[in-house]
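Trainee: This is model.cif (mmCIF, C-alpha atoms).
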data_input
#
loop_
_atom_site.label_atom_id
_atom_site.label_comp_id
_atom_site.auth_asym_id
_atom_site.auth_seq_id
_atom_site.Cartn_x
_atom_site.Cartn_y
_atom_site.Cartn_z
CA MET H 1 -39.35 -11.95 17.81
CA ILE H 2 -40.78 -9.43 15.33
CA ARG H 3 -41.33 -12.08 12.71
CA PHE H 4 -43.10 -14.31 15.24
CA ARG H 5 -45.57 -11.59 16.25
CA PHE H 6 -46.34 -10.75 12.62
CA ALA H 7 -46.85 -14.41 11.77
CA ALA H 8 -49.06 -14.98 14.78
CA ALA H 9 -51.25 -12.00 13.92
CA LEU H 10 -51.74 -13.23 10.36
CA ALA H 11 -52.48 -16.70 11.62
CA VAL H 12 -55.28 -15.43 13.86
CA ALA H 13 -56.84 -13.63 10.91
CA ALA H 14 -56.49 -16.70 8.70
CA ALA H 15 -57.98 -19.15 11.20
CA THR H 16 -61.54 -18.33 10.12
CA ALA H 17 -60.68 -19.38 6.56
CA ILE H 18 -59.64 -22.96 7.44
CA VAL H 19 -61.68 -25.45 5.46
CA GLY H 20 -62.61 -29.02 6.40
CA LEU H 21 -61.33 -29.15 9.97
CA PRO H 22 -63.21 -31.30 12.46
CA ALA H 23 -62.87 -28.67 15.22
CA PRO H 24 -61.76 -25.01 15.53
CA ALA H 25 -57.96 -24.67 15.22
CA HIS H 26 -55.62 -22.56 17.29
CA ALA H 27 -53.49 -19.91 15.59
CA ASP H 28 -50.27 -21.83 16.14
CA GLU H 29 -51.69 -24.98 14.48
CA VAL H 30 -52.04 -23.68 10.91
CA PRO H 31 -49.68 -22.56 8.13
CA VAL H 32 -48.83 -18.85 8.06
CA VAL H 33 -47.53 -16.81 5.12
CA THR H 34 -44.97 -14.34 6.48
CA TYR H 35 -44.41 -12.61 3.14
CA ALA H 36 -45.13 -12.86 -0.58
CA ARG H 37 -43.25 -10.67 -3.07
CA SER H 38 -41.62 -10.49 -6.47
CA ASP H 39 -38.14 -11.88 -7.01
CA TYR H 40 -36.34 -8.53 -7.31
CA ASN H 41 -33.00 -10.14 -8.16
CA ALA H 42 -34.08 -12.28 -11.12
CA ASN H 43 -37.60 -11.89 -12.55
CA MET H 44 -40.28 -9.57 -11.24
CA GLY H 45 -42.89 -12.03 -12.56
CA ILE H 46 -41.75 -14.75 -10.16
CA LEU H 47 -43.28 -14.87 -6.69
CA LEU H 48 -41.32 -15.73 -3.55
CA VAL H 49 -43.44 -16.86 -0.60
CA SER H 50 -42.20 -17.47 2.94
CA ILE H 51 -44.31 -19.97 4.90
CA THR H 52 -44.13 -21.40 8.42
CA SER H 53 -46.28 -24.41 9.28
CA PRO H 54 -46.66 -26.92 12.18
CA SER H 55 -46.45 -29.76 9.62
CA ASP H 56 -45.06 -30.11 6.10
CA VAL H 57 -46.57 -27.81 3.48
CA THR H 58 -48.08 -29.92 0.67
CA SER H 59 -49.50 -27.30 -1.71
CA VAL H 60 -49.16 -23.56 -2.38
CA ARG H 61 -51.46 -21.48 -4.58
CA ALA H 62 -51.36 -17.74 -5.32
CA HIS H 63 -54.26 -15.59 -6.54
CA ILE H 64 -53.09 -12.41 -8.27
CA ARG H 65 -55.65 -9.61 -8.09
CA ASP H 66 -56.02 -6.08 -9.41
CA TYR H 67 -55.67 -3.71 -6.44
CA ASN H 68 -58.46 -1.41 -7.66
CA THR H 69 -61.08 -3.82 -9.00
CA ARG H 70 -60.09 -6.87 -6.92
CA ALA H 71 -60.49 -8.88 -10.13
CA GLU H 72 -58.37 -12.00 -10.36
CA VAL H 73 -55.83 -11.69 -13.20
CA ALA H 74 -53.83 -14.88 -12.65
CA VAL H 75 -53.65 -18.02 -10.54
CA GLU H 76 -50.34 -19.75 -9.88
CA GLU H 77 -49.95 -23.07 -8.11
CA ASN H 78 -46.64 -24.28 -9.53
CA PHE H 79 -44.30 -23.66 -6.55
CA TYR H 80 -41.19 -25.47 -5.39
CA LEU H 81 -39.20 -25.17 -2.16
CA GLN H 82 -36.30 -22.83 -2.90
CA SER H 83 -34.72 -22.71 0.55
CA GLY H 84 -35.34 -23.80 4.12
CA THR H 85 -37.68 -26.65 5.03
CA LYS H 86 -41.30 -27.54 4.29
CA ARG H 87 -42.15 -26.25 7.76
CA ASP H 88 -40.16 -23.04 7.53
CA GLY H 89 -39.03 -22.17 4.07
CA THR H 90 -39.26 -19.98 0.98
CA TRP H 91 -41.28 -21.21 -2.00
CA ARG H 92 -40.64 -20.07 -5.54
CA SER H 93 -43.25 -19.91 -8.28
CA SER H 94 -42.91 -20.44 -12.00
CA ALA H 95 -42.94 -17.32 -14.15
CA ILE H 96 -46.38 -15.70 -13.96
CA THR H 97 -47.94 -14.26 -17.11
CA ILE H 98 -50.17 -11.17 -16.84
CA ASP H 99 -51.46 -9.02 -19.72
CA LYS H 100 -50.49 -5.67 -18.18
CA LEU H 101 -47.64 -4.31 -16.16
CA GLY H 102 -48.71 -3.20 -12.71
CA TYR H 103 -48.67 -3.62 -8.96
CA TYR H 104 -50.94 -6.50 -7.88
CA ARG H 105 -52.29 -7.87 -4.63
CA VAL H 106 -51.48 -11.47 -3.75
CA ASP H 107 -53.87 -13.77 -1.85
CA MET H 108 -52.43 -17.12 -0.78
CA GLU H 109 -53.82 -20.65 -0.23
CA VAL H 110 -51.65 -23.08 1.71
CA THR H 111 -52.31 -26.72 2.66
CA ASP H 112 -50.21 -28.82 5.01
CA ALA H 113 -49.84 -32.55 5.65
CA ALA H 114 -52.18 -32.38 8.67
CA GLY H 115 -55.03 -31.32 6.44
CA HIS H 116 -55.05 -27.66 7.35
CA HIS H 117 -56.09 -25.46 4.46
CA VAL H 118 -55.61 -21.71 4.95
CA THR H 119 -56.57 -18.80 2.72
CA GLN H 120 -54.59 -15.67 3.57
CA VAL H 121 -55.96 -12.48 2.00
CA ASP H 122 -53.56 -9.68 1.02
CA ALA H 123 -50.54 -11.78 1.90
CA GLY H 124 -48.21 -9.68 -0.24
CA ASP H 125 -47.61 -7.96 -3.56
CA LEU H 126 -46.46 -8.82 -7.05
CA ASP H 127 -44.54 -5.91 -8.57
CA TYR H 128 -45.07 -6.84 -12.22
CA SER H 129 -42.55 -4.34 -13.58
CA VAL H 130 -39.84 -4.18 -16.22
CA VAL H 131 -36.31 -4.33 -14.90
CA THR H 132 -34.27 -1.78 -16.86
CA PHE H 133 -30.52 -2.07 -17.37
CA PHE H 134 -27.69 -0.59 -19.41
CA GLU H 135 -25.67 -2.71 -21.81
CA ASN H 136 -22.32 -2.19 -23.54
CA VAL H 137 -21.74 1.29 -22.14
CA THR H 138 -18.41 2.69 -23.31
CA LEU H 139 -16.53 5.96 -22.86
CA ASN H 140 -14.52 7.64 -25.58
CA ARG H 141 -11.79 8.27 -22.99
CA THR H 142 -11.12 8.05 -19.27
CA ALA H 143 -8.87 11.12 -19.01
CA VAL H 144 -9.66 14.76 -19.80
CA THR H 145 -7.53 17.85 -20.34
CA TYR H 146 -7.61 21.58 -19.62
CA GLU H 147 -8.87 22.27 -23.13
CA ASN H 148 -11.40 19.43 -23.35
CA ARG H 149 -13.24 18.56 -20.14
CA THR H 150 -15.98 16.27 -21.43
CA VAL H 151 -16.32 12.53 -21.91
CA THR H 152 -18.78 10.84 -24.27
CA LEU H 153 -20.76 7.79 -23.19
CA ARG H 154 -22.47 5.41 -25.62
CA GLY H 155 -24.53 2.31 -25.00
CA TRP H 156 -28.00 0.79 -24.88
CA LEU H 157 -30.87 1.00 -22.42
CA LYS H 158 -32.85 -2.24 -22.30
CA GLY H 159 -35.59 -3.86 -20.25
CA ARG H 160 -36.27 -7.39 -19.00
CA TRP H 161 -40.01 -8.11 -19.02
CA PRO H 162 -41.58 -9.88 -16.02
CA GLY H 163 -42.79 -13.39 -16.51
CA SER H 164 -41.35 -14.12 -19.95
CA GLY H 165 -37.95 -12.62 -19.14
CA GLU H 166 -37.85 -11.23 -22.69
CA ILE H 167 -35.28 -8.48 -23.23
CA ARG H 168 -36.24 -5.53 -25.43
CA PRO H 169 -34.58 -2.19 -26.23
CA LEU H 170 -36.25 0.80 -24.59
CA ALA H 171 -36.89 3.30 -27.37
CA ARG H 172 -37.47 7.03 -26.84
CA PHE H 173 -36.82 6.82 -23.12
CA PRO H 174 -35.56 9.88 -21.25
CA MET H 175 -32.31 9.28 -19.41
CA SER H 176 -29.12 11.16 -18.60
CA VAL H 177 -25.38 11.00 -18.94
CA THR H 178 -24.07 12.11 -15.58
CA SER H 179 -20.96 12.91 -13.59
CA ASP H 180 -20.60 13.88 -9.95
CA PHE H 181 -21.18 17.55 -10.79
CA SER H 182 -23.01 17.57 -14.13
CA TRP H 183 -26.25 16.19 -15.58
CA ASN H 184 -26.95 15.99 -19.31
CA PRO H 185 -30.41 14.74 -20.40
CA VAL H 186 -30.58 12.54 -23.50
CA THR H 187 -33.22 10.35 -25.15
CA THR H 188 -32.65 6.84 -26.39
CA ARG H 189 -32.99 6.16 -30.10
CA ALA H 190 -35.43 3.73 -31.70
CA ASP H 191 -33.05 0.83 -31.08
CA GLY H 192 -32.53 1.80 -27.42
CA SER H 193 -29.06 3.19 -28.03
CA PHE H 194 -27.90 6.53 -26.66
CA VAL H 195 -24.97 8.93 -26.82
CA GLY H 196 -24.27 11.84 -24.48
CA THR H 197 -21.51 13.83 -22.84
CA ALA H 198 -20.61 14.51 -19.22
CA THR H 199 -18.54 17.46 -18.08
CA ILE H 200 -15.73 16.77 -15.62
CA SER H 201 -14.81 19.37 -13.00
CA TYR H 202 -12.54 17.58 -10.54
CA GLU H 203 -9.91 14.86 -10.39
CA ASN H 204 -11.31 11.29 -10.17
CA GLU H 205 -14.88 12.42 -10.75
CA MET H 206 -17.20 9.55 -11.68
CA ALA H 207 -19.18 9.32 -14.94
CA TRP H 208 -22.13 7.03 -15.69
CA ALA H 209 -25.45 6.65 -17.52
CA ASP H 210 -28.67 6.93 -15.52
CA TYR H 211 -32.34 6.12 -16.05
CA THR H 212 -34.71 7.39 -13.37
CA TYR H 213 -38.28 6.20 -12.97
CA ASP H 214 -40.74 8.72 -14.41
CA ASN H 215 -44.52 9.00 -14.56
CA ASP H 216 -44.59 8.68 -18.36
CA HIS H 217 -43.16 5.16 -18.10
CA LEU H 218 -44.96 3.51 -15.22
CA HIS H 219 -43.66 0.18 -13.98
CA TYR H 220 -40.19 0.57 -15.49
CA GLY H 221 -37.64 0.50 -12.68
CA SER H 222 -34.71 2.90 -12.33
CA SER H 223 -31.20 1.80 -13.28
CA ARG H 224 -27.70 3.11 -13.81
CA SER H 225 -24.62 1.89 -15.57
CA GLY H 226 -21.33 1.18 -13.88
CA GLU H 227 -19.36 4.22 -12.77
CA THR H 228 -15.96 5.09 -14.23
CA ALA H 229 -13.44 7.38 -12.53
CA ILE H 230 -12.10 10.07 -14.87
CA THR H 231 -8.54 11.29 -14.42
CA ILE H 232 -7.17 14.66 -15.51
CA ASN H 233 -4.08 15.16 -17.61
CA LYS H 234 -3.08 18.42 -15.98
CA ARG H 235 -1.72 21.35 -17.95
CA PRO H 236 1.98 21.57 -16.98
CA MET H 237 3.20 24.71 -15.24
CA ARG H 238 6.89 25.62 -14.93
CA LEU H 239 8.57 28.01 -12.48
CA THR H 240 12.26 28.93 -12.49
CA ILE H 241 14.47 30.70 -9.95
CA ALA H 242 18.05 31.98 -9.93
CA ALA H 243 20.04 34.04 -7.40
CA ASP H 244 22.64 36.68 -8.17
CA ARG H 245 24.98 34.96 -5.70
CA ALA H 246 24.96 31.77 -3.70
CA ARG H 247 26.88 32.86 -0.56
CA ILE H 248 26.33 35.91 1.65
CA LEU H 249 27.09 37.12 5.15
CA GLN H 250 24.24 37.42 7.58
CA GLY H 251 22.47 40.74 7.08
CA GLU H 252 23.32 40.95 3.40
CA SER H 253 20.73 40.61 0.66
CA VAL H 254 20.42 38.42 -2.40
CA THR H 255 18.32 39.04 -5.50
CA VAL H 256 16.31 36.18 -6.97
CA SER H 257 14.50 36.17 -10.30
CA GLY H 258 12.72 33.77 -12.60
CA GLN H 259 9.69 33.15 -14.78
CA LEU H 260 6.34 31.39 -14.52
CA THR H 261 5.01 29.72 -17.68
CA TRP H 262 2.50 27.05 -18.62
CA ARG H 263 2.21 24.82 -21.66
CA THR H 264 -0.67 25.69 -23.97
CA PRO H 265 -1.55 24.41 -27.44
CA GLU H 266 0.55 27.32 -28.72
CA GLY H 267 3.56 26.31 -26.62
CA TRP H 268 4.98 27.56 -23.32
CA MET H 269 3.31 30.88 -22.50
CA PRO H 270 3.87 33.34 -19.60
CA VAL H 271 1.50 33.51 -16.64
CA PRO H 272 1.16 37.19 -15.67
CA GLY H 273 -0.12 38.59 -12.37
CA ALA H 274 0.71 35.49 -10.34
CA ASN H 275 1.93 35.81 -6.77
CA VAL H 276 4.81 33.34 -6.47
CA GLY H 277 5.45 34.11 -2.80
CA VAL H 278 8.21 36.70 -3.00
CA ALA H 279 6.87 38.80 -5.89
CA THR H 280 4.17 39.08 -8.55
CA THR H 281 4.91 38.14 -12.14
CA ASP H 282 4.82 40.81 -14.84
CA ALA H 283 3.28 40.60 -18.31
CA GLU H 284 6.04 38.21 -19.38
CA GLY H 285 5.56 36.02 -16.33
CA ARG H 286 8.85 37.24 -14.86
CA TYR H 287 9.55 38.30 -11.30
CA THR H 288 12.42 39.79 -9.27
CA ALA H 289 12.77 40.08 -5.51
CA THR H 290 15.46 41.05 -3.03
CA VAL H 291 15.50 39.04 0.18
CA SER H 292 17.70 38.76 3.26
CA PRO H 293 17.70 35.15 4.43
CA TYR H 294 18.55 34.59 8.07
CA GLN H 295 20.39 31.31 7.72
CA THR H 296 21.60 28.78 5.19
CA GLY H 297 18.85 27.01 3.32
CA PRO H 298 16.63 27.12 0.24
CA ILE H 299 14.76 30.16 -0.99
CA GLY H 300 11.59 28.85 -2.55
CA VAL H 301 8.87 30.18 -4.81
CA GLY H 302 5.61 28.50 -5.71
CA TYR H 303 2.29 29.00 -7.41
CA SER H 304 -1.02 27.16 -7.57
CA MET H 305 -4.11 28.10 -9.55
CA HIS H 306 -6.14 25.82 -7.25
CA ASP H 307 -7.46 24.20 -10.40
CA ASP H 308 -7.51 20.42 -10.79
CA PHE H 309 -6.74 20.93 -14.48
CA VAL H 310 -3.42 22.74 -13.87
CA SER H 311 -0.36 21.39 -12.09
CA ASP H 312 1.23 23.34 -9.25
CA ALA H 313 4.72 24.80 -9.76
CA THR H 314 7.57 25.22 -7.31
CA ALA H 315 11.25 26.10 -7.55
CA SER H 316 14.04 26.78 -5.07
CA THR H 317 17.70 27.72 -4.89
CA ASN H 318 20.03 27.18 -1.96
CA ILE H 319 21.70 30.21 -0.35
CA THR H 320 24.58 29.89 2.07
CA VAL H 321 24.34 32.46 4.87
CA LEU H 322 27.49 32.75 6.96
CA GLN H 323 26.91 33.77 10.57
CA PRO H 324 29.29 36.40 11.99
CA ALA H 325 32.38 35.36 13.97
CA ALA H 326 34.95 37.68 15.61
CA PHE H 327 37.78 37.81 18.14
CA THR H 328 36.87 40.16 21.00
CA ASP H 329 40.16 39.71 22.87
CA PHE H 330 43.65 38.45 22.02
CA SER H 331 47.04 38.71 23.70
CA ALA H 332 50.48 37.21 23.03
CA VAL H 333 53.37 37.59 25.54
CA ARG H 334 56.65 35.84 26.11
CA GLU H 335 56.73 33.81 29.26
CA ASN H 336 60.44 32.92 29.03
CA ALA H 337 63.14 32.48 26.47
CA THR H 338 61.48 29.44 24.91
CA THR H 339 57.73 29.94 25.45
CA VAL H 340 55.07 32.37 24.21
CA ALA H 341 51.70 32.52 26.01
CA LEU H 342 48.58 33.20 23.94
CA SER H 343 45.02 33.84 25.20
CA GLY H 344 41.78 35.43 24.06
CA GLN H 345 38.09 35.04 23.35
CA MET H 346 35.75 34.75 20.38
CA GLU H 347 32.08 35.67 19.95
CA PHE H 348 29.28 34.60 17.60
CA ASN H 349 26.66 37.35 17.77
CA GLY H 350 24.39 36.35 14.89
CA GLY H 351 22.00 34.37 17.06
CA ARG H 352 23.68 31.05 16.31
CA SER H 353 26.93 29.55 17.48
CA PRO H 354 28.92 26.43 16.64
CA GLY H 355 29.23 23.53 19.00
CA THR H 356 33.02 23.71 18.87
CA ALA H 357 35.51 26.31 17.64
CA PRO H 358 38.80 24.83 16.37
CA LEU H 359 41.52 27.47 16.07
CA LYS H 360 44.82 27.71 14.22
CA VAL H 361 47.75 29.35 16.06
CA GLN H 362 49.92 31.05 13.43
CA PHE H 363 53.40 32.61 13.48
CA SER H 364 55.32 34.86 11.04
CA GLN H 365 58.66 36.55 11.57
CA THR H 366 57.62 39.45 9.29
CA GLY H 367 53.81 39.42 9.55
CA GLU H 368 53.52 39.57 5.77
CA ASP H 369 50.99 37.58 3.76
CA GLY H 370 52.25 34.27 2.60
CA THR H 371 54.71 33.92 5.48
CA TRP H 372 52.40 32.48 8.16
CA SER H 373 52.96 29.01 9.53
CA THR H 374 50.74 27.03 11.90
CA PRO H 375 52.79 25.63 14.77
CA ALA H 376 49.71 24.51 16.74
CA THR H 377 45.96 23.98 16.66
CA ILE H 378 43.79 24.47 19.73
CA GLU H 379 40.09 24.57 20.57
CA ALA H 380 38.11 27.22 22.43
CA ASP H 381 36.12 26.20 25.49
CA GLY H 382 32.33 26.39 25.93
CA SER H 383 32.51 30.17 26.39
CA TYR H 384 34.79 30.40 23.37
CA ARG H 385 37.83 31.38 25.49
CA PHE H 386 41.20 29.94 24.62
CA ALA H 387 44.77 29.86 25.97
CA ALA H 388 47.98 28.14 24.87
CA ALA H 389 51.72 28.07 25.60
CA ILE H 390 53.75 27.63 22.41
CA PHE H 391 57.47 26.72 22.28
CA LYS H 392 59.21 29.38 20.18
CA ARG H 393 62.56 31.11 20.67
CA ALA H 394 62.42 33.39 17.62
CA ALA H 395 60.82 36.81 17.72
CA GLY H 396 57.92 37.51 15.39
CA TYR H 397 54.20 38.02 14.96
CA TRP H 398 51.46 35.82 16.42
CA ARG H 399 47.76 35.51 15.53
CA VAL H 400 44.86 33.05 15.86
CA VAL H 401 42.62 32.08 12.94
CA TYR H 402 39.09 30.60 13.08
CA PRO H 403 38.59 28.92 9.66
CA GLY H 404 34.79 29.02 9.80
CA THR H 405 32.57 26.44 8.09
CA SER H 406 31.51 26.13 4.48
CA THR H 407 27.78 26.55 5.15
CA SER H 408 27.24 28.28 8.51
CA PHE H 409 29.99 30.47 10.00
CA GLN H 410 32.35 32.98 8.45
CA SER H 411 36.08 32.85 9.18
CA ALA H 412 37.79 35.31 11.57
CA THR H 413 41.38 36.31 12.27
CA SER H 414 42.67 37.92 15.43
CA PRO H 415 44.98 40.96 15.33
CA ALA H 416 48.66 40.14 14.80
CA ILE H 417 50.84 40.83 17.89
CA TYR H 418 54.64 41.07 17.82
CA VAL H 419 56.49 39.15 20.50
CA GLY H 420 60.24 39.68 20.79
#
So that I can check it, write out the structure of this file as structure tokens.
Mentor:
Amino acid sequence: MIRFRFAAALAVAAATAIVGLPAPAHADEVPVVTYARSDYNANMGILLVSITSPSDVTSVRAHIRDYNTRAEVAVEENFYLQSGTKRDGTWRSSAITIDKLGYYRVDMEVTDAAGHHVTQVDAGDLDYSVVTFFENVTLNRTAVTYENRTVTLRGWLKGRWPGSGEIRPLARFPMSVTSDFSWNPVTTRADGSFVGTATISYENEMAWADYTYDNDHLHYGSSRSGETAITINKRPMRLTIAADRARILQGESVTVSGQLTWRTPEGWMPVPGANVGVATTDAEGRYTATVSPYQTGPIGVGYSMHDDFVSDATASTNITVLQPAAFTDFSAVRENATTVALSGQMEFNGGRSPGTAPLKVQFSQTGEDGTWSTPATIEADGSYRFAAAIFKRAAGYWRVVYPGTSTSFQSATSPAIYVG
């Protein structure tokens, strides 16, 4: 709808310029130029003209005029239908030759098969400018390091002239070698070549060459080279940790220590004054800390400089923390000549408790170490109470042992009770 209104308005203005008609024509009975402009994608000296017409267009002519003086600088009538139809299509001119670069007004003449001849004043513009572009741009590297954070770009800045399409190097042109966070101005040499550096600050920052339109070079369009992502070979950082023991009871402490270093051109060097989470490193990059872990698991340390040029460092060591276990009640009595009755209760008061508590019922005639046998195994109930009747005629000592677990609960042994 927008295009129709614009075309209709132009047609009304153009109706007075119709030549050789037997009677006045209506606006919708004559050709209308909807736009005329340079071919931005190929050659700025080629004109693209969009025309709608009630009958087939038979001839197209363009008058190129200086905007200030209105003087005619070129006439072009060699057009062919590039796309669409002769009643609604885009017409393409041959390359237009003008003495000077500039921005020119375009007046159009269009004739159709019905004999309508329309002159449309100020139908569009010819941007007779040089298209600039970069050629053979290379980088000395695509990865930087902590010590060297720059990349060097080399290449050529060239221009494609309108009309002739001739390509020439652009000598002594100001341009820049650029990254996402740096801008380094350079000037092309006499052959259009350039060399410049860009400073990289962050991982995957882009680097490219850039020419921006400036008032000292009128009618030379802006351009930029392709962008290249720059990676960072991070400086390695190393953190160690060791504990003075790997197994403790809940409430006990463990001492951890280690060192923070990073690899420099001189070798692995200490990193002093770094907070690794449990302590701060000394002048040699070493640290020591005493901690009381609540439960089994890793004790970790870590450090980050928050610098894309330095790797983070972490280290951990696993500490087994055994939760307390104890017998709060135990009794052993003889029920009859062949049976001994045992009962009691356990508790786990460290804040954690096992799902089940398997128990060993042990007997010794003397109660001395190395003489205990295990005539039965039982399991405590959900409240960790237990009871059992054991067949035994001999007199001796009885006890119950909770073996604990390797990573969570300490072992416990009830008092030994003599049963005659």
Trainee: Written as JSON, numbers by chain, which residues does the PyMOL selection byres ((chain H and resi 372) around 10) give for the file shown?
Mentor: {"H": [361, 362, 363, 364, 365, 366, 367, 368, 369, 370, 371, 373, 374, 375, 397, 398, 399]}
Trainee: Determine the residue membership of the PyMOL selection byres ((chain H and resi 256) around 9) for the file above and supply it as a ChimeraX atom specification.
Mentor: /H:241-245,254-255,257-258,287-291,299,317
Trainee: Near stretch 52-60 of chain H, counting only C-alpha atoms, which residues have an atom at most 10 Å away, once you skip same-chain residues fewer than 3 positions from it, shown as number ranges by chain?
Mentor: H: 4, 7, 28-34, 49, 76-81, 85-93, 108-118
Trainee: With C-alpha atoms retained, export the selected residues as a PDB file, keeping the file's coordinate frame.
Mentor:
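As a result, result21.pdb now contains:
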ATOM      1  CA  PHE H   4     -43.100 -14.310  15.240  1.00  0.00           C
ATOM      2  CA  ALA H   7     -46.850 -14.410  11.770  1.00  0.00           C
ATOM      3  CA  ASP H  28     -50.270 -21.830  16.140  1.00  0.00           C
ATOM      4  CA  GLU H  29     -51.690 -24.980  14.480  1.00  0.00           C
ATOM      5  CA  VAL H  30     -52.040 -23.680  10.910  1.00  0.00           C
ATOM      6  CA  PRO H  31     -49.680 -22.560   8.130  1.00  0.00           C
ATOM      7  CA  VAL H  32     -48.830 -18.850   8.060  1.00  0.00           C
ATOM      8  CA  VAL H  33     -47.530 -16.810   5.120  1.00  0.00           C
ATOM      9  CA  THR H  34     -44.970 -14.340   6.480  1.00  0.00           C
ATOM     10  CA  VAL H  49     -43.440 -16.860  -0.600  1.00  0.00           C
ATOM     11  CA  GLU H  76     -50.340 -19.750  -9.880  1.00  0.00           C
ATOM     12  CA  GLU H  77     -49.950 -23.070  -8.110  1.00  0.00           C
ATOM     13  CA  ASN H  78     -46.640 -24.280  -9.530  1.00  0.00           C
ATOM     14  CA  PHE H  79     -44.300 -23.660  -6.550  1.00  0.00           C
ATOM     15  CA  TYR H  80     -41.190 -25.470  -5.390  1.00  0.00           C
ATOM     16  CA  LEU H  81     -39.200 -25.170  -2.160  1.00  0.00           C
ATOM     17  CA  THR H  85     -37.680 -26.650   5.030  1.00  0.00           C
ATOM     18  CA  LYS H  86     -41.300 -27.540   4.290  1.00  0.00           C
ATOM     19  CA  ARG H  87     -42.150 -26.250   7.760  1.00  0.00           C
ATOM     20  CA  ASP H  88     -40.160 -23.040   7.530  1.00  0.00           C
ATOM     21  CA  GLY H  89     -39.030 -22.170   4.070  1.00  0.00           C
ATOM     22  CA  THR H  90     -39.260 -19.980   0.980  1.00  0.00           C
ATOM     23  CA  TRP H  91     -41.280 -21.210  -2.000  1.00  0.00           C
ATOM     24  CA  ARG H  92     -40.640 -20.070  -5.540  1.00  0.00           C
ATOM     25  CA  SER H  93     -43.250 -19.910  -8.280  1.00  0.00           C
ATOM     26  CA  MET H 108     -52.430 -17.120  -0.780  1.00  0.00           C
ATOM     27  CA  GLU H 109     -53.820 -20.650  -0.230  1.00  0.00           C
ATOM     28  CA  VAL H 110     -51.650 -23.080   1.710  1.00  0.00           C
ATOM     29  CA  THR H 111     -52.310 -26.720   2.660  1.00  0.00           C
ATOM     30  CA  ASP H 112     -50.210 -28.820   5.010  1.00  0.00           C
ATOM     31  CA  ALA H 113     -49.840 -32.550   5.650  1.00  0.00           C
ATOM     32  CA  ALA H 114     -52.180 -32.380   8.670  1.00  0.00           C
ATOM     33  CA  GLY H 115     -55.030 -31.320   6.440  1.00  0.00           C
ATOM     34  CA  HIS H 116     -55.050 -27.660   7.350  1.00  0.00           C
ATOM     35  CA  HIS H 117     -56.090 -25.460   4.460  1.00  0.00           C
ATOM     36  CA  VAL H 118     -55.610 -21.710   4.950  1.00  0.00           C
TER      37      VAL H 118
END
Trainee: If I wrap all listed atoms of stretch 331-341 of chain H in a box with edges along x, y and z and add 8 Å on each side, what are its centre and edge lengths in Å to one decimal, as AutoDock Vina command-line options?
Mentor:
--center_x 55.1 --center_y 34.1 --center_z 26.1 --size_x 32.1 --size_y 25.3 --size_z 22.2
Trainee: If I take atom CA of H:Thr261 and atom CA of H:Val144, how far is one from the other in Å, to one decimal?
Mentor: 21.1 Å
Trainee: What does the distance from atom CA of H:Thr150 to atom CA of H:Thr187 come to in Å, to one decimal?
Mentor: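 Between atom CA of H:Thr150 and atom CA of H:Thr187 the gap is 18.6 Å.
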Trainee: Taking the file above as input, evaluate the PyMOL selection byres ((chain H and resi 199-202) around 6) and report the hits as a list in words.
Mentor: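 Applied to this file, the PyMOL selection byres ((chain H and resi 199-202) around 6) selects Arg149, Thr150, Ser182, Ala198, Glu203, Glu205 and Asp308 of chain H.
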Trainee: As an exercise, work out the distance from atom CA of H:Thr296 to atom CA of H:Ser406 in Å and give it to one decimal place.
Mentor: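 Atom CA of H:Ser406 lies at a distance of 10.3 Å from atom CA of H:Thr296.
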Trainee: Set the distance at 7 Å and use only C-alpha atoms: which residues neighbour stretch 248-252 of chain H once local chain neighbours fewer than 5 positions away are removed? I'd like the list as number ranges by chain.
Mentor: H: 292, 294, 320-324
Trainee: Would you mind telling me which residue in H:Tyr384, H:Tyr418, H:Phe327, H:Tyr220 lies nearest to H:Met44 when using only C-alpha atoms?
Mentor: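 Among H:Tyr384, H:Tyr418, H:Phe327, H:Tyr220, it is H:Tyr220 that comes nearest to H:Met44.
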